[in-house]
>>> print(open('start-v6.cif').read())   # mmCIF, N, CA and C atoms and all ligand atoms
data_model
loop_
_atom_site.label_atom_id
_atom_site.label_comp_id
_atom_site.auth_asym_id
_atom_site.auth_seq_id
_atom_site.Cartn_x
_atom_site.Cartn_y
_atom_site.Cartn_z
N MET T 1 57.12 -54.96 -1.49
CA MET T 1 56.76 -56.21 -2.15
C MET T 1 55.34 -56.17 -2.70
N HIS T 2 54.45 -55.63 -1.87
CA HIS T 2 53.05 -55.59 -2.25
C HIS T 2 52.87 -54.80 -3.55
N LEU T 3 53.51 -53.66 -3.60
CA LEU T 3 53.42 -52.82 -4.80
C LEU T 3 53.93 -53.56 -6.01
N ILE T 4 55.04 -54.24 -5.84
CA ILE T 4 55.65 -54.93 -6.97
C ILE T 4 54.73 -56.03 -7.47
N ARG T 5 54.10 -56.76 -6.55
CA ARG T 5 53.20 -57.82 -6.96
C ARG T 5 52.01 -57.23 -7.73
N LEU T 6 51.45 -56.16 -7.21
CA LEU T 6 50.34 -55.49 -7.89
C LEU T 6 50.75 -55.09 -9.30
N PHE T 7 51.95 -54.56 -9.41
CA PHE T 7 52.42 -54.10 -10.70
C PHE T 7 52.55 -55.28 -11.66
N GLY T 8 53.04 -56.40 -11.17
CA GLY T 8 53.18 -57.59 -11.99
C GLY T 8 51.84 -58.02 -12.56
N ILE T 9 50.81 -57.98 -11.72
CA ILE T 9 49.48 -58.36 -12.18
C ILE T 9 49.00 -57.38 -13.24
N ALA T 10 49.27 -56.10 -13.01
CA ALA T 10 48.85 -55.07 -13.97
C ALA T 10 49.50 -55.31 -15.32
N VAL T 11 50.77 -55.67 -15.32
CA VAL T 11 51.49 -55.91 -16.56
C VAL T 11 50.90 -57.11 -17.27
N LEU T 12 50.63 -58.17 -16.49
CA LEU T 12 50.07 -59.39 -17.06
C LEU T 12 48.71 -59.09 -17.70
N ALA T 13 47.86 -58.36 -16.97
CA ALA T 13 46.54 -58.02 -17.48
C ALA T 13 46.68 -57.21 -18.77
N GLY T 14 47.63 -56.29 -18.80
CA GLY T 14 47.85 -55.48 -19.98
C GLY T 14 48.28 -56.34 -21.16
N ALA T 15 49.17 -57.30 -20.91
CA ALA T 15 49.68 -58.15 -21.97
C ALA T 15 48.56 -59.01 -22.54
N LEU T 16 47.66 -59.49 -21.65
CA LEU T 16 46.57 -60.35 -22.09
C LEU T 16 45.54 -59.59 -22.93
N SER T 17 45.42 -58.30 -22.68
CA SER T 17 44.41 -57.52 -23.39
C SER T 17 44.83 -57.24 -24.84
N GLY T 18 46.03 -57.63 -25.19
CA GLY T 18 46.49 -57.62 -26.58
C GLY T 18 46.57 -56.26 -27.24
N PRO T 19 45.80 -56.05 -28.31
CA PRO T 19 45.96 -54.86 -29.15
C PRO T 19 45.81 -53.54 -28.39
N ALA T 20 45.08 -53.57 -27.27
CA ALA T 20 44.89 -52.34 -26.51
C ALA T 20 46.21 -51.87 -25.89
N MET T 21 47.12 -52.78 -25.69
CA MET T 21 48.41 -52.45 -25.09
C MET T 21 49.23 -51.62 -26.08
N ALA T 22 49.80 -50.55 -25.59
CA ALA T 22 50.60 -49.69 -26.46
C ALA T 22 51.86 -50.43 -26.92
N GLY T 23 52.06 -50.48 -28.17
CA GLY T 23 53.26 -51.12 -28.72
C GLY T 23 54.43 -50.16 -28.69
N PRO T 24 55.63 -50.65 -28.98
CA PRO T 24 56.81 -49.80 -28.94
C PRO T 24 56.78 -48.68 -29.98
N ASP T 25 55.96 -48.85 -31.02
CA ASP T 25 55.92 -47.84 -32.09
C ASP T 25 54.88 -46.76 -31.83
N SER T 26 53.90 -47.05 -30.97
CA SER T 26 52.84 -46.08 -30.78
C SER T 26 53.33 -44.91 -29.94
N HIS T 27 52.95 -43.74 -30.37
CA HIS T 27 53.36 -42.55 -29.63
C HIS T 27 52.17 -41.95 -28.91
N THR T 28 52.36 -41.65 -27.64
CA THR T 28 51.27 -41.04 -26.89
C THR T 28 51.74 -39.74 -26.28
N ALA T 29 50.93 -38.71 -26.43
CA ALA T 29 51.27 -37.41 -25.87
C ALA T 29 50.74 -37.29 -24.45
N SER T 30 49.80 -38.17 -24.08
CA SER T 30 49.16 -38.05 -22.79
C SER T 30 50.06 -38.56 -21.67
N PRO T 31 50.24 -37.74 -20.63
CA PRO T 31 51.06 -38.18 -19.50
C PRO T 31 50.45 -39.37 -18.78
N VAL T 32 49.13 -39.48 -18.80
CA VAL T 32 48.48 -40.64 -18.17
C VAL T 32 48.86 -41.91 -18.93
N ALA T 33 48.73 -41.88 -20.25
CA ALA T 33 49.00 -43.07 -21.06
C ALA T 33 50.43 -43.56 -20.89
N ASP T 34 51.35 -42.64 -20.67
CA ASP T 34 52.75 -43.02 -20.50
C ASP T 34 52.96 -43.97 -19.33
N LEU T 35 52.19 -43.75 -18.26
CA LEU T 35 52.40 -44.52 -17.03
C LEU T 35 51.32 -45.57 -16.80
N ASP T 36 50.27 -45.51 -17.60
CA ASP T 36 49.09 -46.34 -17.36
C ASP T 36 49.31 -47.76 -17.93
N SER T 37 49.99 -48.59 -17.16
CA SER T 37 50.39 -49.88 -17.72
C SER T 37 49.21 -50.84 -17.87
N ASP T 38 48.12 -50.65 -17.13
CA ASP T 38 46.96 -51.53 -17.32
C ASP T 38 45.89 -50.88 -18.20
N SER T 39 46.23 -49.75 -18.80
CA SER T 39 45.36 -49.08 -19.78
C SER T 39 43.92 -48.86 -19.31
N ASP T 40 43.76 -48.50 -18.03
CA ASP T 40 42.40 -48.19 -17.56
C ASP T 40 42.18 -46.68 -17.51
N LYS T 41 43.09 -45.93 -18.11
CA LYS T 41 43.00 -44.46 -18.23
C LYS T 41 43.17 -43.73 -16.91
N THR T 42 43.60 -44.45 -15.88
CA THR T 42 43.92 -43.77 -14.63
C THR T 42 45.28 -44.27 -14.12
N ILE T 43 45.92 -43.42 -13.33
CA ILE T 43 47.17 -43.79 -12.69
C ILE T 43 46.85 -44.17 -11.26
N ASP T 44 47.02 -45.45 -10.93
CA ASP T 44 46.76 -45.86 -9.56
C ASP T 44 48.07 -45.87 -8.78
N ILE T 45 47.97 -46.26 -7.51
CA ILE T 45 49.15 -46.14 -6.65
C ILE T 45 50.27 -47.09 -7.08
N SER T 46 49.94 -48.24 -7.64
CA SER T 46 51.01 -49.15 -8.03
C SER T 46 51.74 -48.63 -9.27
N GLU T 47 51.00 -48.02 -10.19
CA GLU T 47 51.64 -47.42 -11.37
C GLU T 47 52.48 -46.21 -10.97
N MET T 48 51.92 -45.40 -10.06
CA MET T 48 52.66 -44.25 -9.57
C MET T 48 53.91 -44.71 -8.81
N GLY T 49 53.76 -45.75 -7.97
CA GLY T 49 54.88 -46.24 -7.18
C GLY T 49 56.01 -46.75 -8.03
N LYS T 50 55.68 -47.45 -9.11
CA LYS T 50 56.69 -47.96 -10.03
C LYS T 50 57.45 -46.80 -10.67
N ALA T 51 56.70 -45.79 -11.12
CA ALA T 51 57.32 -44.63 -11.77
C ALA T 51 58.18 -43.86 -10.78
N ALA T 52 57.67 -43.68 -9.56
CA ALA T 52 58.42 -42.95 -8.54
C ALA T 52 59.72 -43.69 -8.21
N SER T 53 59.63 -45.01 -8.11
CA SER T 53 60.80 -45.81 -7.79
C SER T 53 61.85 -45.74 -8.91
N ASP T 54 61.39 -45.87 -10.16
CA ASP T 54 62.31 -45.76 -11.30
C ASP T 54 63.00 -44.40 -11.34
N THR T 55 62.18 -43.35 -11.11
CA THR T 55 62.73 -42.00 -11.15
C THR T 55 63.75 -41.81 -10.03
N PHE T 56 63.40 -42.31 -8.84
CA PHE T 56 64.32 -42.19 -7.71
C PHE T 56 65.65 -42.88 -8.05
N ASP T 57 65.58 -44.10 -8.60
CA ASP T 57 66.80 -44.84 -8.94
C ASP T 57 67.63 -44.07 -9.97
N ASN T 58 66.94 -43.41 -10.90
CA ASN T 58 67.62 -42.59 -11.90
C ASN T 58 68.39 -41.44 -11.27
N ILE T 59 67.70 -40.75 -10.35
CA ILE T 59 68.31 -39.58 -9.72
C ILE T 59 69.46 -40.01 -8.82
N ASP T 60 69.28 -41.16 -8.17
CA ASP T 60 70.28 -41.65 -7.21
C ASP T 60 71.44 -42.29 -7.98
N SER T 61 72.27 -41.43 -8.55
CA SER T 61 73.28 -41.93 -9.49
C SER T 61 74.35 -42.79 -8.82
N ASP T 62 74.61 -42.57 -7.52
CA ASP T 62 75.61 -43.42 -6.86
C ASP T 62 74.98 -44.65 -6.20
N GLY T 63 73.65 -44.78 -6.33
CA GLY T 63 72.98 -46.00 -5.90
C GLY T 63 73.02 -46.30 -4.42
N ASP T 64 73.19 -45.28 -3.57
CA ASP T 64 73.22 -45.57 -2.13
C ASP T 64 71.85 -45.46 -1.49
N GLY T 65 70.81 -45.25 -2.32
CA GLY T 65 69.45 -45.23 -1.78
C GLY T 65 69.05 -43.89 -1.19
N LYS T 66 69.88 -42.88 -1.38
CA LYS T 66 69.53 -41.54 -0.88
C LYS T 66 69.85 -40.49 -1.94
N ILE T 67 69.02 -39.45 -1.98
CA ILE T 67 69.31 -38.34 -2.87
C ILE T 67 69.43 -37.06 -2.07
N ASP T 68 70.21 -36.11 -2.59
CA ASP T 68 70.32 -34.83 -1.91
C ASP T 68 69.49 -33.77 -2.65
N LEU T 69 69.45 -32.57 -2.08
CA LEU T 69 68.63 -31.50 -2.64
C LEU T 69 69.05 -31.21 -4.08
N HIS T 70 70.35 -31.20 -4.33
CA HIS T 70 70.86 -30.90 -5.66
C HIS T 70 70.36 -31.93 -6.69
N SER T 71 70.46 -33.20 -6.37
CA SER T 71 70.07 -34.20 -7.36
C SER T 71 68.56 -34.31 -7.54
N SER T 72 67.79 -33.78 -6.58
CA SER T 72 66.34 -33.79 -6.79
C SER T 72 65.94 -32.74 -7.82
N GLY T 73 66.88 -31.85 -8.17
CA GLY T 73 66.67 -30.88 -9.25
C GLY T 73 65.47 -29.99 -8.99
N ASN T 74 64.63 -29.80 -10.02
CA ASN T 74 63.48 -28.91 -9.86
C ASN T 74 62.22 -29.69 -9.47
N ARG T 75 62.40 -30.95 -9.05
CA ARG T 75 61.24 -31.76 -8.71
C ARG T 75 60.59 -31.30 -7.42
N LEU T 76 61.42 -30.79 -6.52
CA LEU T 76 60.91 -30.32 -5.23
C LEU T 76 61.52 -28.96 -4.94
N SER T 77 60.72 -28.06 -4.37
CA SER T 77 61.29 -26.80 -3.89
C SER T 77 62.08 -27.11 -2.62
N LYS T 78 62.88 -26.13 -2.20
CA LYS T 78 63.69 -26.34 -1.01
C LYS T 78 62.79 -26.62 0.20
N VAL T 79 61.70 -25.87 0.27
CA VAL T 79 60.76 -26.04 1.38
C VAL T 79 60.13 -27.44 1.35
N GLU T 80 59.71 -27.85 0.15
CA GLU T 80 59.11 -29.17 0.02
C GLU T 80 60.11 -30.27 0.37
N TYR T 81 61.35 -30.05 -0.04
CA TYR T 81 62.41 -31.02 0.24
C TYR T 81 62.61 -31.18 1.75
N LYS T 82 62.70 -30.03 2.42
CA LYS T 82 62.89 -30.05 3.89
C LYS T 82 61.73 -30.77 4.57
N LYS T 83 60.53 -30.51 4.07
CA LYS T 83 59.34 -31.12 4.66
C LYS T 83 59.35 -32.63 4.44
N ALA T 84 59.84 -33.02 3.27
CA ALA T 84 59.85 -34.45 2.92
C ALA T 84 60.87 -35.22 3.74
N ASP T 85 61.91 -34.51 4.19
CA ASP T 85 63.01 -35.17 4.91
C ASP T 85 62.62 -35.40 6.36
N THR T 86 61.80 -36.42 6.60
CA THR T 86 61.20 -36.57 7.93
C THR T 86 62.22 -36.97 8.99
N ASP T 87 63.32 -37.65 8.62
CA ASP T 87 64.31 -38.00 9.65
C ASP T 87 65.45 -36.97 9.74
N LYS T 88 65.30 -35.87 9.00
CA LYS T 88 66.21 -34.71 9.10
C LYS T 88 67.69 -35.07 8.92
N ASP T 89 67.99 -35.94 7.96
CA ASP T 89 69.41 -36.21 7.70
C ASP T 89 69.87 -35.45 6.45
N ASP T 90 69.05 -34.51 5.98
CA ASP T 90 69.34 -33.70 4.79
C ASP T 90 69.37 -34.51 3.49
N LEU T 91 68.93 -35.76 3.56
CA LEU T 91 68.85 -36.59 2.36
C LEU T 91 67.44 -37.18 2.29
N LEU T 92 67.02 -37.51 1.09
CA LEU T 92 65.74 -38.21 0.96
C LEU T 92 66.00 -39.66 0.57
N ASP T 93 65.47 -40.58 1.36
CA ASP T 93 65.51 -41.98 0.93
C ASP T 93 64.24 -42.27 0.14
N LYS T 94 64.14 -43.51 -0.35
CA LYS T 94 63.03 -43.81 -1.24
C LYS T 94 61.68 -43.72 -0.53
N ASN T 95 61.65 -44.09 0.74
CA ASN T 95 60.39 -44.00 1.49
C ASN T 95 59.93 -42.56 1.63
N GLU T 96 60.89 -41.68 1.92
CA GLU T 96 60.54 -40.27 2.05
C GLU T 96 60.06 -39.71 0.71
N TYR T 97 60.74 -40.11 -0.35
CA TYR T 97 60.38 -39.66 -1.70
C TYR T 97 58.99 -40.16 -2.06
N PHE T 98 58.77 -41.44 -1.77
CA PHE T 98 57.48 -42.04 -2.09
C PHE T 98 56.35 -41.39 -1.30
N ALA T 99 56.64 -41.01 -0.04
CA ALA T 99 55.62 -40.39 0.80
C ALA T 99 55.14 -39.07 0.20
N VAL T 100 56.06 -38.31 -0.40
CA VAL T 100 55.67 -37.05 -1.06
C VAL T 100 54.77 -37.36 -2.25
N ALA T 101 55.20 -38.33 -3.07
CA ALA T 101 54.42 -38.70 -4.26
C ALA T 101 53.04 -39.19 -3.84
N ASP T 102 52.99 -39.98 -2.76
CA ASP T 102 51.74 -40.52 -2.29
C ASP T 102 50.80 -39.41 -1.83
N SER T 103 51.33 -38.41 -1.11
CA SER T 103 50.45 -37.35 -0.63
C SER T 103 49.97 -36.48 -1.79
N LEU T 104 50.81 -36.31 -2.82
CA LEU T 104 50.37 -35.56 -4.01
C LEU T 104 49.28 -36.33 -4.75
N LEU T 105 49.44 -37.64 -4.82
CA LEU T 105 48.42 -38.46 -5.50
C LEU T 105 47.08 -38.32 -4.78
N ARG T 106 47.12 -38.39 -3.46
CA ARG T 106 45.89 -38.24 -2.68
C ARG T 106 45.28 -36.85 -2.87
N ALA T 107 46.15 -35.82 -2.87
CA ALA T 107 45.66 -34.46 -3.03
C ALA T 107 45.03 -34.26 -4.41
N ALA T 108 45.61 -34.91 -5.42
CA ALA T 108 45.12 -34.73 -6.79
C ALA T 108 43.87 -35.57 -7.07
N ASP T 109 43.67 -36.62 -6.27
CA ASP T 109 42.57 -37.55 -6.50
C ASP T 109 41.26 -36.98 -5.97
N LYS T 110 40.70 -36.04 -6.73
CA LYS T 110 39.55 -35.28 -6.24
C LYS T 110 38.33 -36.17 -5.95
N ASP T 111 38.10 -37.19 -6.77
CA ASP T 111 36.92 -38.03 -6.55
C ASP T 111 37.23 -39.22 -5.63
N LYS T 112 38.45 -39.24 -5.08
CA LYS T 112 38.84 -40.23 -4.07
C LYS T 112 38.57 -41.67 -4.51
N ASN T 113 38.83 -41.97 -5.77
CA ASN T 113 38.65 -43.35 -6.21
C ASN T 113 39.98 -44.11 -6.27
N GLY T 114 41.03 -43.48 -5.75
CA GLY T 114 42.31 -44.18 -5.65
C GLY T 114 43.18 -44.09 -6.89
N GLY T 115 42.66 -43.47 -7.95
CA GLY T 115 43.45 -43.33 -9.17
C GLY T 115 43.30 -41.93 -9.74
N LEU T 116 44.25 -41.52 -10.56
CA LEU T 116 44.17 -40.21 -11.20
C LEU T 116 43.81 -40.36 -12.66
N ASP T 117 42.69 -39.73 -13.04
CA ASP T 117 42.37 -39.70 -14.47
C ASP T 117 43.10 -38.52 -15.11
N GLU T 118 42.89 -38.36 -16.40
CA GLU T 118 43.60 -37.33 -17.16
C GLU T 118 43.47 -35.95 -16.51
N MET T 119 42.23 -35.62 -16.12
CA MET T 119 41.99 -34.29 -15.57
C MET T 119 42.68 -34.12 -14.22
N GLU T 120 42.59 -35.15 -13.39
CA GLU T 120 43.23 -35.08 -12.07
C GLU T 120 44.75 -35.03 -12.21
N PHE T 121 45.26 -35.79 -13.16
CA PHE T 121 46.71 -35.85 -13.35
C PHE T 121 47.25 -34.53 -13.89
N ASN T 122 46.38 -33.75 -14.52
CA ASN T 122 46.79 -32.45 -15.05
C ASN T 122 46.39 -31.29 -14.14
N SER T 123 45.89 -31.61 -12.95
CA SER T 123 45.59 -30.56 -11.97
C SER T 123 46.90 -30.04 -11.39
N LYS T 124 46.82 -29.02 -10.56
CA LYS T 124 48.02 -28.44 -9.96
C LYS T 124 48.82 -29.50 -9.20
N GLU T 125 48.13 -30.26 -8.34
CA GLU T 125 48.83 -31.29 -7.57
C GLU T 125 49.31 -32.41 -8.47
N GLY T 126 48.48 -32.75 -9.48
CA GLY T 126 48.84 -33.80 -10.41
C GLY T 126 50.11 -33.46 -11.18
N LYS T 127 50.24 -32.19 -11.55
CA LYS T 127 51.43 -31.76 -12.30
C LYS T 127 52.67 -31.84 -11.43
N LYS T 128 52.50 -31.52 -10.15
CA LYS T 128 53.64 -31.65 -9.23
C LYS T 128 54.05 -33.11 -9.12
N LEU T 129 53.05 -33.97 -9.08
CA LEU T 129 53.33 -35.40 -9.02
C LEU T 129 54.06 -35.85 -10.30
N GLN T 130 53.58 -35.37 -11.44
CA GLN T 130 54.25 -35.71 -12.71
C GLN T 130 55.71 -35.34 -12.67
N ARG T 131 56.00 -34.13 -12.16
CA ARG T 131 57.40 -33.69 -12.08
C ARG T 131 58.22 -34.63 -11.22
N LEU T 132 57.58 -35.08 -10.16
CA LEU T 132 58.29 -35.91 -9.18
C LEU T 132 58.59 -37.31 -9.72
N ILE T 133 57.73 -37.83 -10.54
CA ILE T 133 57.89 -39.24 -10.92
C ILE T 133 58.31 -39.42 -12.38
N GLN T 134 58.67 -38.33 -13.06
CA GLN T 134 59.10 -38.49 -14.47
C GLN T 134 60.49 -37.94 -14.69
CA CA T 201 46.05 -47.68 -14.73
CA CA T 202 72.75 -41.15 -3.71
CA CA T 203 65.93 -38.20 5.17
CA CA T 204 40.38 -40.11 -9.17
#
>>> encode(input="start-v6.cif", output="structure tokens")
Amino acid sequence: MHLIRLFGIAVLAGALSGPAMAGPDSHTASPVADLDSDSDKTIDISEMGKAASDTFDNIDSDGDGKIDLHSSGNRLSKVEYKKADTDKDDLLDKNEYFAVADSLLRAADKDKNGGLDEMEFNSKEGKKLQRLIQ
């Protein structure tokens, strides 16, 4: 709930800022801009959480709230998948999936300001995070 509320505020702030908000016609090549709904040039945990949740729902084609190794595709290696599966049921639920994304965000956040800028998002850990949430 907390994440969702934060995201709502971010969207509202973005809408109020008017022209700075990317319109449906504008094309951005930057992976940060794609997810940066409040246009502060960084990906914070609420923006990452929204993307991770959307991606998880996409992968979870039968909608039971769990994904298997096969449907996670190339987002996680087998070892990473096993590590992420903290309750050892051979499936990842959204919390387990989010925990991986969260730890990658922390690992990539070199200046520890809680958000990933372009450089951090394109670091080794940042790229893994991108794979996971896109
Ligand atoms: Ca942002
Ligand atoms: Ca499923
Ligand atoms: Ca599990
Ligand atoms: Ca940072």
>>> residues_near_ligand(input="start-v6.cif", ligand="ligand CA 202 (chain T)", cutoff="6.5 Å", atoms="only N, CA and C atoms and all ligand atoms", output="number ranges by chain")
T: 59-68
>>> residues_near_ligand(input="start-v6.cif", ligand="ligand CA 201 (chain T)", cutoff="6 Å", atoms="all atoms listed in the file", output="CSV table (one decimal) with N, CA and C atoms, in the frame of the given file")
chain,number,residue,atom,x,y,z
T,36,ASP,N,50.3,-45.5,-17.6
T,36,ASP,CA,49.1,-46.3,-17.4
T,36,ASP,C,49.3,-47.8,-17.9
T,37,SER,N,50.0,-48.6,-17.2
T,37,SER,CA,50.4,-49.9,-17.7
T,37,SER,C,49.2,-50.8,-17.9
T,38,ASP,N,48.1,-50.6,-17.1
T,38,ASP,CA,47.0,-51.5,-17.3
T,38,ASP,C,45.9,-50.9,-18.2
T,39,SER,N,46.2,-49.8,-18.8
T,39,SER,CA,45.4,-49.1,-19.8
T,39,SER,C,43.9,-48.9,-19.3
T,40,ASP,N,43.8,-48.5,-18.0
T,40,ASP,CA,42.4,-48.2,-17.6
T,40,ASP,C,42.2,-46.7,-17.5
T,41,LYS,N,43.1,-45.9,-18.1
T,41,LYS,CA,43.0,-44.5,-18.2
T,41,LYS,C,43.2,-43.7,-16.9
T,42,THR,N,43.6,-44.4,-15.9
T,42,THR,CA,43.9,-43.8,-14.6
T,42,THR,C,45.3,-44.3,-14.1
T,43,ILE,N,45.9,-43.4,-13.3
T,43,ILE,CA,47.2,-43.8,-12.7
T,43,ILE,C,46.8,-44.2,-11.3
T,44,ASP,N,47.0,-45.4,-10.9
T,44,ASP,CA,46.8,-45.9,-9.6
T,44,ASP,C,48.1,-45.9,-8.8
>>> residues_near_ligand(input="start-v6.cif", ligand="ligand CA 204 (chain T)", cutoff="6 Å", atoms="all atoms listed in the file", output="MDAnalysis selection string")
chainID T and resid 109:117
>>> residues_near_ligand(input="start-v6.cif", ligand="ligand CA 203 (chain T)", cutoff="8 Å", atoms="all atoms listed in the file", output="PDB file with N, CA and C atoms, in the coordinates of the input")
ATOM      1  N   LYS T  66      69.880 -42.880  -1.380  1.00  0.00           N
ATOM      2  CA  LYS T  66      69.530 -41.540  -0.880  1.00  0.00           C
ATOM      3  C   LYS T  66      69.850 -40.490  -1.940  1.00  0.00           C
ATOM      4  N   ILE T  67      69.020 -39.450  -1.980  1.00  0.00           N
ATOM      5  CA  ILE T  67      69.310 -38.340  -2.870  1.00  0.00           C
ATOM      6  C   ILE T  67      69.430 -37.060  -2.070  1.00  0.00           C
ATOM      7  N   ALA T  84      59.840 -33.020   3.270  1.00  0.00           N
ATOM      8  CA  ALA T  84      59.850 -34.450   2.920  1.00  0.00           C
ATOM      9  C   ALA T  84      60.870 -35.220   3.740  1.00  0.00           C
ATOM     10  N   ASP T  85      61.910 -34.510   4.190  1.00  0.00           N
ATOM     11  CA  ASP T  85      63.010 -35.170   4.910  1.00  0.00           C
ATOM     12  C   ASP T  85      62.620 -35.400   6.360  1.00  0.00           C
ATOM     13  N   THR T  86      61.800 -36.420   6.600  1.00  0.00           N
ATOM     14  CA  THR T  86      61.200 -36.570   7.930  1.00  0.00           C
ATOM     15  C   THR T  86      62.220 -36.970   8.990  1.00  0.00           C
ATOM     16  N   ASP T  87      63.320 -37.650   8.620  1.00  0.00           N
ATOM     17  CA  ASP T  87      64.310 -38.000   9.650  1.00  0.00           C
ATOM     18  C   ASP T  87      65.450 -36.970   9.740  1.00  0.00           C
ATOM     19  N   LYS T  88      65.300 -35.870   9.000  1.00  0.00           N
ATOM     20  CA  LYS T  88      66.210 -34.710   9.100  1.00  0.00           C
ATOM     21  C   LYS T  88      67.690 -35.070   8.920  1.00  0.00           C
ATOM     22  N   ASP T  89      67.990 -35.940   7.960  1.00  0.00           N
ATOM     23  CA  ASP T  89      69.410 -36.210   7.700  1.00  0.00           C
ATOM     24  C   ASP T  89      69.870 -35.450   6.450  1.00  0.00           C
ATOM     25  N   ASP T  90      69.050 -34.510   5.980  1.00  0.00           N
ATOM     26  CA  ASP T  90      69.340 -33.700   4.790  1.00  0.00           C
ATOM     27  C   ASP T  90      69.370 -34.510   3.490  1.00  0.00           C
ATOM     28  N   LEU T  91      68.930 -35.760   3.560  1.00  0.00           N
ATOM     29  CA  LEU T  91      68.850 -36.590   2.360  1.00  0.00           C
ATOM     30  C   LEU T  91      67.440 -37.180   2.290  1.00  0.00           C
ATOM     31  N   LEU T  92      67.020 -37.510   1.090  1.00  0.00           N
ATOM     32  CA  LEU T  92      65.740 -38.210   0.960  1.00  0.00           C
ATOM     33  C   LEU T  92      66.000 -39.660   0.570  1.00  0.00           C
ATOM     34  N   ASP T  93      65.470 -40.580   1.360  1.00  0.00           N
ATOM     35  CA  ASP T  93      65.510 -41.980   0.930  1.00  0.00           C
ATOM     36  C   ASP T  93      64.240 -42.270   0.140  1.00  0.00           C
ATOM     37  N   LYS T  94      64.140 -43.510  -0.350  1.00  0.00           N
ATOM     38  CA  LYS T  94      63.030 -43.810  -1.240  1.00  0.00           C
ATOM     39  C   LYS T  94      61.680 -43.720  -0.530  1.00  0.00           C
ATOM     40  N   GLU T  96      60.890 -41.680   1.920  1.00  0.00           N
ATOM     41  CA  GLU T  96      60.540 -40.270   2.050  1.00  0.00           C
ATOM     42  C   GLU T  96      60.060 -39.710   0.710  1.00  0.00           C
ATOM     43  N   TYR T  97      60.740 -40.110  -0.350  1.00  0.00           N
ATOM     44  CA  TYR T  97      60.380 -39.660  -1.700  1.00  0.00           C
ATOM     45  C   TYR T  97      58.990 -40.160  -2.060  1.00  0.00           C
TER      46      TYR T  97
END
>>> atom_distance(input="start-v6.cif", atom1="atom N of Thr55 (chain T)", atom2="atom C of Leu132 (chain T)")
7.2 Å
>>> closest_residue(input="start-v6.cif", among="T:Val79, T:Ile45, T:Ala33, T:Leu69", to="Leu104 (chain T)", atoms="only C-alpha atoms")
T:Ile45
>>> atom_distance(input="start-v6.cif", atom1="CA of Ala52 (chain T)", atom2="CA of Leu35 (chain T)")
10.5 Å
>>> atom_distance(input="start-v6.cif", atom1="atom C of Pro31 (chain T)", atom2="atom N of Lys124 (chain T)")
13.7 Å
